[in-house]
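Participant: If it helps, the file is called work-v2.txt and holds compact mmCIF, C-alpha atoms:
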```txt
# COMPACT_ATOMS: atom_id res chain seq x y z
CA MET A 16 115.23 -65.19 -189.71
CA LYS A 17 112.70 -67.05 -187.59
CA GLN A 18 114.86 -66.63 -184.51
CA HIS A 19 111.76 -66.20 -182.40
CA LEU A 20 111.38 -69.92 -181.76
CA PRO A 21 113.99 -70.33 -178.99
CA HIS A 22 112.64 -67.17 -177.40
CA GLN A 23 109.16 -68.69 -177.27
CA ALA A 24 110.62 -71.74 -175.62
CA TYR A 25 112.20 -69.46 -173.06
CA ILE A 26 108.90 -67.69 -172.34
CA LEU A 27 107.36 -71.10 -171.74
CA ASN A 28 110.09 -71.90 -169.23
CA HIS A 29 109.60 -68.53 -167.66
CA ARG A 30 105.93 -69.21 -166.99
CA THR A 31 106.31 -72.82 -166.04
CA LEU A 32 108.99 -72.06 -163.51
CA ASN A 33 107.43 -68.84 -162.28
CA ILE A 34 110.90 -67.33 -162.02
CA ARG A 35 109.45 -63.85 -161.47
CA THR A 36 109.37 -64.64 -157.79
CA MET A 37 113.13 -65.13 -157.69
CA SER A 38 115.62 -62.36 -157.36
CA GLU A 39 116.74 -60.97 -160.72
CA ARG A 40 120.46 -61.22 -159.99
CA GLN A 41 120.28 -64.98 -159.41
CA ILE A 42 119.01 -65.66 -162.89
CA ASP A 43 121.27 -65.80 -165.91
CA TYR A 44 118.73 -64.80 -168.55
CA ASP A 45 121.32 -64.79 -171.29
CA SER A 46 122.25 -68.42 -170.61
CA LEU A 47 118.64 -69.50 -170.72
CA LYS A 48 117.80 -67.57 -173.87
CA THR A 49 120.65 -68.74 -176.09
CA GLY A 50 120.10 -72.42 -175.40
CA GLY A 51 122.23 -75.02 -173.74
CA PHE A 52 120.15 -75.28 -170.59
CA MET A 53 117.60 -78.00 -171.20
CA ARG A 54 114.52 -77.78 -169.03
CA GLN A 55 113.92 -80.89 -166.95
CA ARG A 56 110.58 -82.26 -165.84
CA GLN A 57 111.51 -81.30 -162.27
CA LYS A 58 110.72 -77.69 -161.34
CA ASP A 59 113.65 -75.25 -161.58
CA LEU A 60 116.11 -77.92 -162.73
CA PHE A 61 118.05 -77.93 -165.99
CA ALA A 62 120.45 -80.21 -167.83
CA PHE A 63 123.46 -78.10 -168.77
CA ARG A 64 124.59 -78.99 -172.29
CA LEU A 65 128.22 -78.44 -173.28
CA ARG A 66 129.89 -77.49 -176.51
CA ILE A 67 131.82 -80.64 -177.34
CA VAL A 68 133.50 -80.97 -180.74
CA GLY A 69 133.86 -84.42 -182.30
CA GLY A 70 133.57 -86.20 -178.95
CA ARG A 71 136.93 -84.91 -177.77
CA VAL A 72 137.26 -84.12 -174.06
CA GLU A 73 140.57 -83.40 -172.30
CA ALA A 74 141.48 -85.05 -169.00
CA ASP A 75 141.37 -81.78 -167.02
CA GLN A 76 137.93 -81.11 -168.50
CA LEU A 77 136.74 -84.52 -167.32
CA ARG A 78 137.94 -83.73 -163.78
CA ALA A 79 136.16 -80.37 -163.85
CA LEU A 80 133.01 -82.08 -165.17
CA ALA A 81 133.12 -84.63 -162.35
CA ASP A 82 133.46 -81.80 -159.82
CA ALA A 83 130.66 -79.79 -161.44
CA ALA A 84 128.33 -82.80 -161.51
CA GLU A 85 128.89 -83.30 -157.79
CA GLU A 86 128.67 -79.65 -156.85
CA TYR A 87 125.76 -78.47 -159.02
CA GLY A 88 124.12 -81.64 -160.33
CA ASP A 89 123.24 -84.96 -158.73
CA GLY A 90 126.64 -86.53 -159.34
CA HIS A 91 126.30 -87.91 -162.85
CA ILE A 92 126.78 -86.71 -166.41
CA HIS A 93 124.79 -87.71 -169.48
CA LEU A 94 126.44 -88.68 -172.78
CA THR A 95 124.15 -87.55 -175.59
CA THR A 96 123.51 -89.47 -178.81
CA ARG A 97 125.57 -86.91 -180.76
CA GLN A 98 128.80 -87.11 -178.75
CA GLY A 99 127.75 -84.32 -176.44
CA ILE A 100 127.84 -84.06 -172.66
CA GLU A 101 125.15 -82.74 -170.34
CA VAL A 102 125.21 -82.16 -166.59
CA PRO A 103 121.64 -82.78 -165.42
CA PHE A 104 119.90 -81.56 -162.25
CA VAL A 105 121.43 -78.08 -162.22
CA HIS A 106 119.25 -75.63 -160.27
CA LEU A 107 118.26 -72.35 -161.88
CA ASP A 108 120.23 -70.49 -159.20
CA ASN A 109 123.45 -72.28 -160.20
CA VAL A 110 123.26 -71.67 -163.93
CA GLN A 111 125.89 -68.93 -163.88
CA SER A 112 128.16 -70.71 -161.38
CA ILE A 113 128.43 -73.96 -163.34
CA ARG A 114 129.10 -71.96 -166.50
CA ASN A 115 131.89 -70.01 -164.81
CA ASP A 116 133.50 -73.13 -163.34
CA LEU A 117 133.56 -75.00 -166.62
CA GLU A 118 134.71 -71.98 -168.66
CA LYS A 119 137.96 -72.21 -166.67
CA VAL A 120 138.80 -75.49 -168.42
CA ASN A 121 137.59 -74.23 -171.79
CA LEU A 122 134.27 -76.05 -171.65
CA HIS A 123 131.64 -73.77 -173.08
CA LYS A 124 127.87 -73.77 -173.13
CA GLY A 125 126.25 -75.92 -175.81
CA THR A 126 123.21 -75.10 -177.87
CA CYS A 127 119.72 -76.32 -178.72
CA GLY A 128 116.71 -75.06 -180.69
CA SER A 129 116.81 -73.71 -184.24
CA ARG A 130 120.56 -73.45 -184.52
CA ILE A 131 123.56 -75.18 -186.00
CA ARG A 132 124.20 -77.89 -183.44
CA GLY A 133 127.33 -79.36 -181.91
CA LEU A 134 129.79 -80.87 -184.38
CA MET A 135 130.06 -84.65 -184.62
CA ALA A 136 133.22 -86.30 -185.92
CA CYS A 137 135.10 -89.58 -185.88
CA GLN A 138 138.77 -89.65 -184.88
CA GLY A 139 139.96 -89.43 -188.47
CA ASP A 140 143.43 -90.05 -189.81
CA THR A 141 145.27 -89.05 -186.64
CA VAL A 142 144.03 -92.18 -184.81
CA CYS A 143 142.07 -94.52 -187.07
CA PRO A 144 144.00 -96.78 -189.50
CA ARG A 145 141.18 -96.32 -192.02
CA GLY A 146 140.89 -92.52 -191.74
CA LEU A 147 141.54 -90.59 -194.96
CA VAL A 148 141.16 -87.03 -193.65
CA ASP A 149 141.64 -85.24 -190.31
CA SER A 150 137.97 -85.24 -189.26
CA GLN A 151 138.73 -83.66 -185.89
CA ASP A 152 140.49 -80.70 -187.48
CA ILE A 153 137.65 -80.17 -189.96
CA ALA A 154 135.07 -80.40 -187.15
CA GLN A 155 137.03 -77.84 -185.13
CA LYS A 156 137.06 -75.40 -188.06
CA LEU A 157 133.35 -75.95 -188.68
CA ASP A 158 132.60 -75.40 -184.98
CA GLU A 159 134.51 -72.10 -184.98
CA LYS A 160 132.65 -70.86 -188.02
CA TYR A 161 129.12 -72.17 -187.61
CA PHE A 162 128.40 -73.29 -184.05
CA ALA A 163 125.02 -72.06 -182.70
CA MET A 164 124.32 -69.98 -185.82
CA GLY A 165 120.58 -69.25 -186.04
CA VAL A 166 118.79 -71.15 -188.85
CA PRO A 167 115.11 -71.94 -189.61
CA HIS A 168 115.26 -75.28 -187.81
CA LYS A 169 117.87 -77.47 -186.11
CA PHE A 170 120.81 -78.19 -188.39
CA LYS A 171 123.23 -81.02 -187.63
CA ILE A 172 126.64 -81.57 -189.18
CA SER A 173 128.85 -84.62 -188.95
CA VAL A 174 132.36 -85.26 -190.30
CA THR A 175 133.53 -88.80 -190.93
CA GLY A 176 137.01 -89.77 -192.11
CA CYS A 177 136.10 -92.43 -194.67
CA PRO A 178 133.08 -94.15 -196.29
CA ALA A 179 132.84 -96.55 -193.32
CA SER A 180 130.83 -93.58 -191.96
CA CYS A 181 131.28 -94.26 -188.23
CA ALA A 182 130.23 -90.68 -187.41
CA LYS A 183 126.89 -91.35 -189.16
CA PRO A 184 126.95 -88.52 -191.73
CA GLN A 185 123.82 -90.04 -193.33
CA GLU A 186 121.81 -89.17 -190.20
CA ASN A 187 122.82 -85.52 -190.22
CA ASP A 188 121.39 -82.55 -192.13
CA PHE A 189 124.81 -82.03 -193.69
CA GLY A 190 127.16 -85.01 -193.84
CA ILE A 191 130.84 -84.85 -194.75
CA ILE A 192 132.78 -87.99 -195.75
CA GLY A 193 136.54 -88.01 -196.40
CA GLY A 194 137.61 -89.88 -199.51
CA VAL A 195 140.43 -90.53 -201.96
CA ASP A 196 140.38 -90.93 -205.71
CA PRO A 197 142.59 -93.91 -206.59
CA LYS A 198 144.94 -94.02 -209.57
CA TRP A 199 146.47 -97.21 -210.99
CA LEU A 200 150.13 -97.24 -212.03
CA GLU A 201 150.55 -99.99 -214.58
CA ASP A 202 154.36 -100.16 -214.31
CA LEU A 203 154.25 -101.09 -210.61
CA CYS A 204 151.40 -103.61 -210.87
CA THR A 205 152.17 -107.32 -210.65
CA GLY A 206 148.58 -108.29 -211.45
CA CYS A 207 148.20 -110.10 -208.11
CA SER A 208 144.46 -109.19 -207.99
CA LEU A 209 144.43 -108.41 -204.25
CA CYS A 210 142.68 -105.09 -205.05
CA GLN A 211 139.89 -106.94 -206.86
CA GLU A 212 139.56 -109.21 -203.83
CA ILE A 213 139.33 -106.40 -201.27
CA CYS A 214 137.20 -103.88 -203.21
CA ARG A 215 133.73 -103.83 -201.63
CA LYS A 216 132.19 -102.02 -204.59
CA ASP A 217 133.41 -104.42 -207.29
CA ALA A 218 134.96 -101.43 -209.04
CA ILE A 219 138.17 -103.29 -209.92
CA VAL A 220 138.49 -106.23 -212.28
CA VAL A 221 141.86 -107.89 -212.88
CA GLU A 222 142.10 -110.17 -215.91
CA ASP A 223 145.37 -111.57 -217.22
CA GLY A 224 147.32 -108.94 -215.31
CA VAL A 225 145.26 -106.08 -216.74
CA VAL A 226 143.38 -103.89 -214.30
CA THR A 227 140.04 -102.31 -215.21
CA PHE A 228 138.79 -99.62 -212.84
CA GLU A 229 135.15 -98.57 -213.00
CA ARG A 230 135.26 -95.21 -211.23
CA GLU A 231 131.47 -94.74 -211.17
CA LYS A 232 131.25 -97.75 -208.81
CA CYS A 233 134.03 -96.47 -206.51
CA ASP A 234 133.12 -94.98 -203.11
CA PHE A 235 136.65 -93.56 -202.61
CA CYS A 236 137.47 -95.64 -199.50
CA GLY A 237 141.13 -96.11 -200.46
CA ASP A 238 141.31 -99.81 -199.52
CA CYS A 239 143.00 -100.60 -202.85
CA ILE A 240 145.67 -98.00 -202.10
CA SER A 241 146.36 -99.07 -198.53
CA SER A 242 146.53 -102.78 -199.29
CA CYS A 243 148.33 -102.89 -202.66
CA PRO A 244 151.54 -104.90 -202.12
CA THR A 245 153.53 -102.88 -204.66
CA ASP A 246 151.96 -99.42 -204.28
CA ALA A 247 150.54 -99.65 -207.78
CA TRP A 248 147.42 -97.85 -206.49
CA VAL A 249 148.11 -94.27 -205.35
CA ILE A 250 146.07 -91.29 -204.19
CA ASP A 251 145.15 -89.08 -207.13
CA LYS A 252 143.10 -86.64 -205.07
CA THR A 253 141.81 -86.32 -201.50
CA GLY A 254 138.46 -84.66 -200.88
CA PHE A 255 135.03 -84.71 -199.30
CA THR A 256 131.82 -86.35 -200.40
CA LEU A 257 128.80 -84.37 -199.20
CA LEU A 258 125.35 -85.55 -198.12
CA ILE A 259 122.25 -83.42 -197.63
CA GLY A 260 119.02 -83.88 -195.72
CA GLY A 261 119.68 -86.75 -193.32
CA LYS A 262 117.71 -86.96 -190.08
CA VAL A 263 116.22 -89.48 -187.71
CA GLY A 264 113.33 -88.65 -185.37
CA ARG A 265 109.69 -89.19 -186.34
CA PHE A 266 110.20 -88.83 -190.07
CA PRO A 267 113.60 -90.36 -190.70
CA GLN A 268 115.48 -90.27 -193.98
CA LEU A 269 119.08 -90.81 -194.95
CA GLY A 270 121.15 -87.97 -196.36
CA VAL A 271 121.60 -87.99 -200.14
CA ASN A 272 125.03 -87.77 -201.78
CA PHE A 273 125.09 -84.54 -203.83
CA ALA A 274 128.77 -83.70 -204.32
CA GLU A 275 131.79 -85.94 -204.73
CA LEU A 276 135.36 -85.33 -203.60
CA VAL A 277 135.22 -81.56 -203.31
CA SER A 278 138.17 -79.72 -201.76
CA GLU A 279 138.09 -78.31 -198.21
CA THR A 280 137.62 -74.77 -199.55
CA GLU A 281 134.81 -75.90 -201.85
CA MET A 282 133.19 -77.77 -198.96
CA PHE A 283 133.04 -74.60 -196.86
CA GLU A 284 131.64 -72.62 -199.81
CA ILE A 285 128.97 -75.25 -200.42
CA LEU A 286 128.02 -75.27 -196.74
CA ASP A 287 127.72 -71.46 -196.75
CA LYS A 288 125.41 -71.69 -199.76
CA THR A 289 123.44 -74.54 -198.18
CA ILE A 290 122.78 -72.43 -195.09
CA GLN A 291 121.77 -69.52 -197.31
CA PHE A 292 119.46 -71.82 -199.30
CA PHE A 293 117.94 -73.08 -196.04
CA ASN A 294 117.44 -69.54 -194.69
CA GLU A 295 115.83 -68.34 -197.90
CA ASN A 296 113.58 -71.33 -198.62
CA ALA A 297 112.61 -73.18 -195.45
CA HIS A 298 109.03 -73.24 -194.28
CA LYS A 299 108.35 -72.97 -190.56
CA SER A 300 109.76 -75.92 -188.57
CA GLU A 301 111.17 -77.56 -191.64
CA ARG A 302 114.46 -79.46 -191.67
CA VAL A 303 116.69 -78.85 -194.67
CA GLY A 304 115.96 -82.38 -195.96
CA ASP A 305 112.28 -81.49 -196.22
CA THR A 306 113.08 -78.20 -197.94
CA VAL A 307 115.14 -80.14 -200.51
CA ASN A 308 112.38 -82.77 -200.87
CA ARG A 309 109.82 -80.03 -201.49
CA LEU A 310 111.87 -77.98 -203.98
CA GLY A 311 113.74 -80.86 -205.59
CA MET A 312 117.35 -81.99 -205.50
CA GLU A 313 118.14 -80.29 -208.81
CA THR A 314 117.00 -76.90 -207.48
CA PHE A 315 119.13 -77.41 -204.38
CA LYS A 316 122.18 -78.44 -206.40
CA LYS A 317 121.79 -75.45 -208.70
CA ALA A 318 121.76 -73.19 -205.67
CA VAL A 319 124.78 -74.59 -203.89
CA LEU A 320 127.17 -76.11 -206.44
CA MET B 22 148.49 -113.46 -211.83
CA LYS B 23 152.13 -113.88 -212.78
CA GLU B 24 153.74 -116.91 -211.16
CA THR B 25 156.46 -115.96 -208.69
CA LYS B 26 158.92 -118.56 -207.41
CA VAL B 27 159.70 -118.01 -203.74
CA ASP B 28 161.02 -120.21 -200.96
CA ILE B 29 158.54 -120.08 -198.11
CA THR B 30 160.32 -120.06 -194.73
CA LYS B 31 157.25 -120.49 -192.60
CA SER B 32 153.50 -120.83 -193.01
CA ILE B 33 150.59 -120.02 -190.71
CA ASP B 34 146.88 -120.67 -191.16
CA THR B 35 144.64 -118.07 -189.51
CA CYS B 36 141.35 -119.28 -191.01
CA GLY B 37 138.49 -119.07 -188.57
CA GLU B 38 140.33 -116.67 -186.28
CA VAL B 39 138.63 -113.48 -185.20
CA CYS B 40 140.12 -110.03 -185.95
CA PRO B 41 142.53 -108.86 -184.64
CA MET B 42 143.92 -112.31 -183.71
CA ASN B 43 144.87 -113.08 -187.32
CA MET B 44 146.83 -109.81 -187.44
CA VAL B 45 148.44 -110.38 -184.03
CA ARG B 46 149.57 -113.90 -184.95
CA THR B 47 150.95 -112.69 -188.27
CA LYS B 48 152.80 -109.89 -186.49
CA PHE B 49 154.32 -112.13 -183.80
CA THR B 50 155.38 -114.74 -186.32
CA LEU B 51 157.08 -112.06 -188.42
CA LYS B 52 158.81 -110.75 -185.31
CA GLU B 53 160.50 -114.10 -184.74
CA MET B 54 161.69 -114.30 -188.33
CA ALA B 55 164.84 -112.85 -189.85
CA ALA B 56 164.98 -110.18 -192.54
CA GLY B 57 164.60 -111.69 -195.99
CA GLU B 58 162.67 -114.74 -194.84
CA VAL B 59 159.24 -115.41 -196.33
CA LEU B 60 156.03 -115.99 -194.38
CA GLU B 61 152.97 -117.52 -195.97
CA VAL B 62 149.72 -116.48 -194.28
CA ILE B 63 146.45 -118.20 -195.08
CA LEU B 64 143.54 -115.89 -194.40
CA ASP B 65 139.77 -115.95 -194.57
CA GLU B 66 138.44 -113.90 -197.47
CA GLY B 67 137.01 -110.41 -196.98
CA GLU B 68 137.93 -108.32 -193.95
CA PRO B 69 141.03 -110.35 -192.86
CA VAL B 70 142.64 -110.06 -196.31
CA ARG B 71 141.95 -106.32 -196.31
CA ASN B 72 143.24 -105.64 -192.79
CA VAL B 73 146.24 -107.95 -192.59
CA SER B 74 147.64 -106.84 -195.94
CA ARG B 75 147.29 -103.18 -195.00
CA SER B 76 148.79 -103.60 -191.52
CA THR B 77 151.80 -105.67 -192.58
CA LYS B 78 152.53 -103.14 -195.31
CA GLU B 79 152.30 -100.26 -192.81
CA GLU B 80 154.81 -102.03 -190.55
CA GLY B 81 157.37 -102.10 -193.32
CA HIS B 82 157.02 -105.71 -194.53
CA ARG B 83 156.80 -106.43 -198.21
CA ILE B 84 153.93 -108.43 -199.63
CA ILE B 85 155.46 -110.63 -202.30
CA GLY B 86 152.30 -111.94 -203.81
CA VAL B 87 148.75 -113.08 -203.39
CA VAL B 88 147.60 -116.51 -204.48
```
Since I need it in another form, could you write the structure as structure tokens?
Facilitator:
Amino acid sequence: MKQHLPHQAYILNHRTLNIRTMSERQIDYDSLKTGGFMRQRQKDLFAFRLRIVGGRVEADQLRALADAAEEYGDGHIHLTTRQGIEVPFVHLDNVQSIRNDLEKVNLHKGTCGSRIRGLMACQGDTVCPRGLVDSQDIAQKLDEKYFAMGVPHKFKISVTGCPASCAKPQENDFGIIGGVDPKWLEDLCTGCSLCQEICRKDAIVVEDGVVTFEREKCDFCGDCISSCPTDAWVIDKTGFTLLIGGKVGRFPQLGVNFAELVSETEMFEILDKTIQFFNENAHKSERVGDTVNRLGMETFKKAVL
Amino acid sequence: MKETKVDITKSIDTCGEVCPMNMVRTKFTLKEMAAGEVLEVILDEGEPVRNVSRSTKEEGHRIIGVV
């Protein structure tokens, strides 16, 4: 629904650029219509946005990007605020050529407008010592399933590997945070109180060798597990904490935590239902956070959980 | 905590040092020590305690106790 918005943007470009005077075969209408070519203030020039997942770019892709920037752009690339890459100063006539060149190294056209945007992610547990889940893998799966899907307004997703939240899930329409539920094994505990010392949420109190864990205070960061000298704290469950409605821009608000430590399968189900909820309830030009604000968090939760 | 009697082989004080220098010094000191020897590391509270304990554990050392 409401997929007319990007088309309107295209019509505007069409008029502004007066492309009717150009030969039809030079113009890749499809590329312009489905987003990814961002109109510049200079006549006939576009910034070509790429489909980057979780900020990961291979070395051969970087070489191809450097070549493309020199051949079709003005010799530079732009790193976007959401881990994306754009090649600015691409002439309308070269839209198809730059696409073809970069497709060869598996770099595909990005998106813009009222769609599910490029996936953001931290490096996760394959690189980061803190990471609790494989954020890159999750982002890849999300990209395959949802990238550029038409929705009532822009919809941004970010995956972060732990509550440190480096990939800023709070600033995205749908934020995903990896977490672990800790379990204390009394037999292995020496009562050293290191866990009490390192817990940022004051969820652990150690008194006379007895550990009290207040789970409602826990943010599932796993610091107690990774630093316990005797492995008396272990992972009980790994999952994802979900946030809804985050955005920056003119009317910023942080995403609100609405589901704790759900499984990967549950996370995908909840996201499907969230998109359905958004499609069915959004007013024109309304971000999902505003839809939830208007209808209430309880209504949203009832619909998706 | 329970009192543990251990013979400390060596002691280093990393207070005031910036991450990851406290970790690097701990690591290099441990490298020069023999298996079974005990290193005492004095750390600033907060982040250093969190990071150094996790990293030494990951590298296969055993944390005997925290005082």
Participant: Tell me as a list in words which residues belonging to chain B come within 10 Å of chain A, counting only C-alpha atoms.
Facilitator: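 That gives Met22, Lys23, Glu24, Thr25, Glu66, Gly67, Glu68, Pro69, Val70, Arg71, Asn72, Val73, Ser74, Arg75, Ser76, Thr77, Lys78, Glu79, His82, Arg83, Ile84, Ile85, Gly86, Val87 and Val88 of chain B for chain B.
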Participant: Report as a list in words all protein, DNA and RNA residues lying within 7 Å of B:Thr35, evaluated on only C-alpha atoms, omitting residues in the same chain fewer than 3 positions from it.
Facilitator: Glu38, Asn43, Ile63 and Leu64 of chain B
Participant: Quick one: distance from atom CA of A:Lys198 to atom CA of A:Leu257 in Å, one decimal?
Facilitator: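 Separation of atom CA of A:Lys198 and atom CA of A:Leu257: 21.5 Å.
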Participant: Pick out the closest residue to A:Thr256 from this set: A:Gly139, A:Gly50, A:Gly190, A:Gly311. Count only C-alpha atoms.
Facilitator: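 Once distances to A:Thr256 are computed over only C-alpha atoms, the minimum belongs to A:Gly190.
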Participant: Smallest atom-to-atom distance to A:Asp158: which of A:Thr126, A:Thr96, A:Thr306, A:Ser278, using all atoms listed in the file?
Facilitator: A:Thr126
Participant: Could you tell me how far atom CA of A:Glu186 sits from atom CA of A:Arg71, in Å to one decimal place?
Facilitator: 20.0 Å
Participant: For each of A:Gly237, A:Asn121, A:Ala182, A:Gly88, take the minimum atom-to-atom distance to A:Asp75, counting all atoms listed in the file, then give the residue where this is smallest.
Facilitator: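 Selected residue with least distance to A:Asp75: A:Asn121.
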Participant: Could you please determine the separation between atom CA of A:Ile192 and atom CA of A:Asp152 in Å, to one decimal place?
Facilitator: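 Atom CA of A:Ile192 sits 13.5 Å away from atom CA of A:Asp152.
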Participant: Looking at B:Leu60, B:Ile33, B:Val27, B:Gly81, which one is nearest to B:Arg46, with distances taken over only C-alpha atoms?
Facilitator: B:Ile33
Participant: I'd like the neighbourhood of A:Ala154 as an NGL selection string, where a residue qualifies if any of its atoms comes within 12 Å (using all atoms listed in the file), though same-chain residues fewer than 4 positions away should be ignored.
Facilitator: :A and (67-71 or 132-139 or 148-150 or 158-162 or 171-176 or 182 or 190-192 or 279 or 283)
Participant: Just checking: using all atoms listed in the file, which residue out of B:Asp65, B:Met54, B:Lys26, B:Val59 ends up closest to B:Val39?
Facilitator: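 Closest to B:Val39 of all the choices is B:Asp65.
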Participant: Find the residues around A:Val303 up to 7 Å (only C-alpha atoms counted), leave out those fewer than 6 positions away in its own chain, and share them as a list in words.
Facilitator: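 Final neighbour list, sorted by chain and number: Asp188, Gly260 and Phe293 of chain A.
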Participant: Identify the residues around (143.3, -90.4, -205.2) within a radius of 6 Å, measuring from all atoms listed in the file in the coordinates stated by the file, and give them as a PyMOL selection string.
Facilitator: chain A and resi 195-198+250-253
Participant: Could you rebuild stretch 35-57 of chain B with N, CA and C atoms and give it back as a CSV table (one decimal), in the coordinates of the input?
Facilitator:
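File written: result.csv
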```csv
chain,number,residue,atom,x,y,z
B,35,THR,N,145.4,-118.8,-190.5
B,35,THR,CA,144.6,-118.1,-189.5
B,35,THR,C,143.1,-118.2,-189.8
B,36,CYS,N,142.8,-119.1,-190.7
B,36,CYS,CA,141.4,-119.3,-191.0
B,36,CYS,C,140.5,-119.6,-189.8
B,37,GLY,N,139.4,-118.9,-189.7
B,37,GLY,CA,138.5,-119.1,-188.6
B,37,GLY,C,138.8,-118.2,-187.4
B,38,GLU,N,140.0,-117.5,-187.4
B,38,GLU,CA,140.3,-116.7,-186.3
B,38,GLU,C,139.7,-115.3,-186.4
B,39,VAL,N,139.3,-114.8,-185.2
B,39,VAL,CA,138.6,-113.5,-185.2
B,39,VAL,C,139.6,-112.3,-185.2
B,40,CYS,N,139.3,-111.3,-186.0
B,40,CYS,CA,140.1,-110.0,-186.0
B,40,CYS,C,140.1,-109.5,-184.5
B,41,PRO,N,141.3,-109.0,-183.9
B,41,PRO,CA,142.5,-108.9,-184.6
B,41,PRO,C,143.5,-110.0,-184.4
B,42,MET,N,143.0,-111.2,-184.0
B,42,MET,CA,143.9,-112.3,-183.7
B,42,MET,C,144.7,-112.7,-184.9
B,43,ASN,N,144.1,-112.7,-186.1
B,43,ASN,CA,144.9,-113.1,-187.3
B,43,ASN,C,146.0,-112.1,-187.5
B,44,MET,N,145.8,-110.8,-187.3
B,44,MET,CA,146.8,-109.8,-187.4
B,44,MET,C,147.9,-110.0,-186.4
B,45,VAL,N,147.5,-110.2,-185.1
B,45,VAL,CA,148.4,-110.4,-184.0
B,45,VAL,C,149.3,-111.6,-184.3
B,46,ARG,N,148.8,-112.7,-184.7
B,46,ARG,CA,149.6,-113.9,-185.0
B,46,ARG,C,150.6,-113.7,-186.1
B,47,THR,N,150.1,-113.0,-187.1
B,47,THR,CA,151.0,-112.7,-188.3
B,47,THR,C,152.1,-111.8,-187.8
B,48,LYS,N,151.8,-110.8,-187.0
B,48,LYS,CA,152.8,-109.9,-186.5
B,48,LYS,C,153.8,-110.6,-185.6
B,49,PHE,N,153.4,-111.5,-184.7
B,49,PHE,CA,154.3,-112.1,-183.8
B,49,PHE,C,155.2,-113.1,-184.5
B,50,THR,N,154.6,-113.8,-185.5
B,50,THR,CA,155.4,-114.7,-186.3
B,50,THR,C,156.5,-114.0,-187.1
B,51,LEU,N,156.1,-112.9,-187.7
B,51,LEU,CA,157.1,-112.1,-188.4
B,51,LEU,C,158.2,-111.6,-187.5
B,52,LYS,N,157.8,-111.3,-186.3
B,52,LYS,CA,158.8,-110.8,-185.3
B,52,LYS,C,159.9,-111.8,-185.0
B,53,GLU,N,159.5,-113.0,-185.0
B,53,GLU,CA,160.5,-114.1,-184.7
B,53,GLU,C,161.3,-114.5,-186.0
B,54,MET,N,161.0,-113.9,-187.1
B,54,MET,CA,161.7,-114.3,-188.3
B,54,MET,C,162.8,-113.3,-188.7
B,55,ALA,N,163.7,-113.7,-189.5
B,55,ALA,CA,164.8,-112.8,-189.8
B,55,ALA,C,164.5,-112.1,-191.1
B,56,ALA,N,165.2,-111.0,-191.3
B,56,ALA,CA,165.0,-110.2,-192.5
B,56,ALA,C,165.3,-111.0,-193.8
B,57,GLY,N,164.4,-110.9,-194.7
B,57,GLY,CA,164.6,-111.7,-196.0
B,57,GLY,C,163.9,-113.0,-196.0
```
